[in-house]
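Chemist: What follows is coords_28.pdb; its format and atoms are PDB, C-alpha atoms.
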```
ATOM      1  CA  MET I   1       0.000   0.000   0.000
ATOM      2  CA  ASN I   2       1.196   3.460  -0.845
ATOM      3  CA  LYS I   3       2.685   5.143   2.229
ATOM      4  CA  ARG I   4       0.774   8.390   1.731
ATOM      5  CA  VAL I   5      -2.533   6.503   1.430
ATOM      6  CA  ARG I   6      -1.716   4.395   4.504
ATOM      7  CA  ASP I   7      -0.743   7.443   6.557
ATOM      8  CA  THR I   8      -3.892   9.301   5.535
ATOM      9  CA  ILE I   9      -6.179   6.390   6.422
ATOM     10  CA  CYS I  10      -4.463   5.930   9.781
ATOM     11  CA  GLN I  11      -4.694   9.614  10.631
ATOM     12  CA  LEU I  12      -8.379   9.794   9.717
ATOM     13  CA  VAL I  13      -9.273   6.692  11.719
ATOM     14  CA  ALA I  14      -7.218   7.903  14.688
ATOM     15  CA  GLU I  15      -9.186  11.160  14.581
ATOM     16  CA  LEU I  16     -12.418   9.150  14.613
ATOM     17  CA  CYS I  17     -11.122   7.207  17.611
ATOM     18  CA  ILE I  18     -10.264  10.468  19.375
ATOM     19  CA  ALA I  19     -13.743  11.866  18.724
ATOM     20  CA  ASP I  20     -15.357   8.664  19.975
ATOM     21  CA  TYR I  21     -13.146   8.655  23.069
ATOM     22  CA  ARG I  22     -14.018  12.260  23.870
ATOM     23  CA  GLN I  23     -17.708  11.513  23.528
ATOM     24  CA  THR I  24     -17.885   8.189  25.402
ATOM     25  CA  LYS I  25     -14.823   8.405  27.688
ATOM     26  CA  LYS I  26     -14.176   4.764  26.727
ATOM     27  CA  LEU I  27     -11.359   3.415  24.604
ATOM     28  CA  PRO I  28     -12.729   2.469  21.194
ATOM     29  CA  SER I  29     -11.727  -0.660  19.321
ATOM     30  CA  VAL I  30      -9.267   0.561  16.718
ATOM     31  CA  ASN I  31      -9.812  -2.640  14.746
ATOM     32  CA  THR I  32     -13.569  -2.023  14.592
ATOM     33  CA  MET I  33     -13.192   1.681  13.848
ATOM     34  CA  LEU I  34     -10.807   0.884  10.988
ATOM     35  CA  SER I  35     -13.053  -1.841   9.591
ATOM     36  CA  ASN I  36     -16.070   0.471   9.712
ATOM     37  CA  PHE I  37     -14.149   3.331   8.096
ATOM     38  CA  LEU I  38     -12.983   1.120   5.256
ATOM     39  CA  ALA I  39     -16.469  -0.310   4.682
ATOM     40  CA  GLU I  40     -18.187   3.093   4.811
ATOM     41  CA  ASN I  41     -15.770   4.408   2.199
ATOM     42  CA  TYR I  42     -15.971   1.331  -0.030
ATOM     43  CA  LEU I  43     -12.319   0.479   0.559
ATOM     44  CA  THR I  44     -10.905  -3.001   0.950
ATOM     45  CA  VAL I  45      -7.649  -4.357   2.253
ATOM     46  CA  ASN I  46      -6.873  -7.732   0.739
ATOM     47  CA  SER I  47      -3.849  -8.544   2.860
ATOM     48  CA  PRO I  48      -4.105  -9.427   6.556
ATOM     49  CA  ASP I  49      -0.566  -8.075   6.975
ATOM     50  CA  VAL I  50      -1.500  -4.678   5.530
ATOM     51  CA  PHE I  51      -4.614  -4.550   7.725
ATOM     52  CA  ALA I  52      -2.468  -5.358  10.767
ATOM     53  CA  GLU I  53      -0.075  -2.531   9.815
ATOM     54  CA  LEU I  54      -3.013  -0.123   9.534
ATOM     55  CA  VAL I  55      -4.330  -1.167  12.950
ATOM     56  CA  TYR I  56      -0.868  -0.829  14.481
ATOM     57  CA  GLN I  57      -0.164   2.617  13.021
ATOM     58  CA  THR I  58      -3.645   3.891  13.887
ATOM     59  CA  SER I  59      -3.304   2.555  17.428
ATOM     60  CA  GLN I  60       0.037   4.289  17.850
ATOM     61  CA  THR I  61      -1.382   7.619  16.676
ATOM     62  CA  PHE I  62      -4.378   7.288  18.988
ATOM     63  CA  GLN I  63      -2.197   6.192  21.919
ATOM     64  CA  ASN I  64       0.068   9.208  21.428
ATOM     65  CA  PHE I  65      -2.965  11.458  21.650
ATOM     66  CA  ILE I  66      -4.091   9.824  24.910
ATOM     67  CA  LEU I  67      -0.625  10.173  26.398
ATOM     68  CA  GLU I  68      -0.440  13.841  25.396
ATOM     69  CA  GLN I  69      -3.796  14.489  27.041
ATOM     70  CA  GLN I  70      -2.664  12.802  30.279
ATOM     71  CA  THR I  71       0.527  14.819  30.466
ATOM     72  CA  LYS I  72      -1.420  18.064  29.992
ATOM     73  CA  SER I  73      -3.687  17.218  32.946
TER      74      SER I  73
END
```
Please render this file's structure as structure tokens.

Modeler:
Amino acid sequence: MNKRVRDTICQLVAELCIADYRQTKKLPSVNTMLSNFLAENYLTVNSPDVFAELVYQTSQTFQNFILEQQTKS
């Protein structure tokens, strides 16, 4: 998968996770959020390895946000 496409998808899904977290105060399932995002935008990932990379990168972005919020408090 093209790096720019991968980075964009991960950033968008991480932002959705952040919005969900702010609203519910519960940690969302990154896997589910990513799957839903892909389905809603008619995108498919044919490789389990690529999907795992997307989940990992999205999780890291979301985790960094959570850590930044905790250090600001």

Chemist: Taking only C-alpha atoms into account, name the residue in I:Asn46, I:Ser35, I:Thr61, I:Gln69 that is nearest to Arg22 of chain I.

Modeler: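 Among the listed residues, the smallest separation from Arg22 of chain I belongs to I:Gln69.
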
Chemist: Which residue out of I:Val50, I:Leu12, I:Ile66, I:Cys17 has the minimum interatomic distance to Thr32 of chain I when all atoms listed in the file are used?

Modeler: I:Cys17

Chemist: Pick out the residues sitting within 8 Å of Met33 of chain I, and hand them over as a PyMOL selection string; count only C-alpha atoms, and ignore anything fewer than 3 positions along from it in its own chain.

Modeler: chain I and resi 13+16-17+28-30+36-37

Chemist: I need the residue nearest Asn31 of chain I from this list: I:Lys72, I:Leu67, I:Ala52, I:Arg6. Use all atoms listed in the file for the distance.

Modeler: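 Closest to Asn31 of chain I, using all atoms listed in the file: I:Ala52.
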
Chemist: By how many Å are atom CA of Gln63 of chain I and atom CA of Thr24 of chain I apart?

Modeler: 16.2 Å

Chemist: Taking only residues of segment 23-67 of chain I that have an atom at most 7 Å from an atom of segment 7-11 of chain I, what is each one's shortest atom pair and its distance in Å to one decimal, using only C-alpha atoms, in chain and number order, as a tab-separated table?

Modeler:
```
residue	atom	partner	partner_atom	distance
I:Leu54	CA	I:Cys10	CA	6.2
I:Gln57	CA	I:Cys10	CA	6.3
I:Thr58	CA	I:Cys10	CA	4.7
```

Chemist: Calculated over all atoms listed in the file, which of the candidates I:Glu68, I:Leu43, I:Gln23, I:Pro48 has the smallest distance to Val5 of chain I?

Modeler: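 Distance minimum relative to Val5 of chain I lands on I:Leu43.
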
Chemist: For atom CA of Leu27 of chain I and atom CA of Phe65 of chain I, quote the distance in Å rounded to one decimal.

Modeler: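 Going from atom CA of Leu27 of chain I over to atom CA of Phe65 of chain I, I get 12.0 Å.
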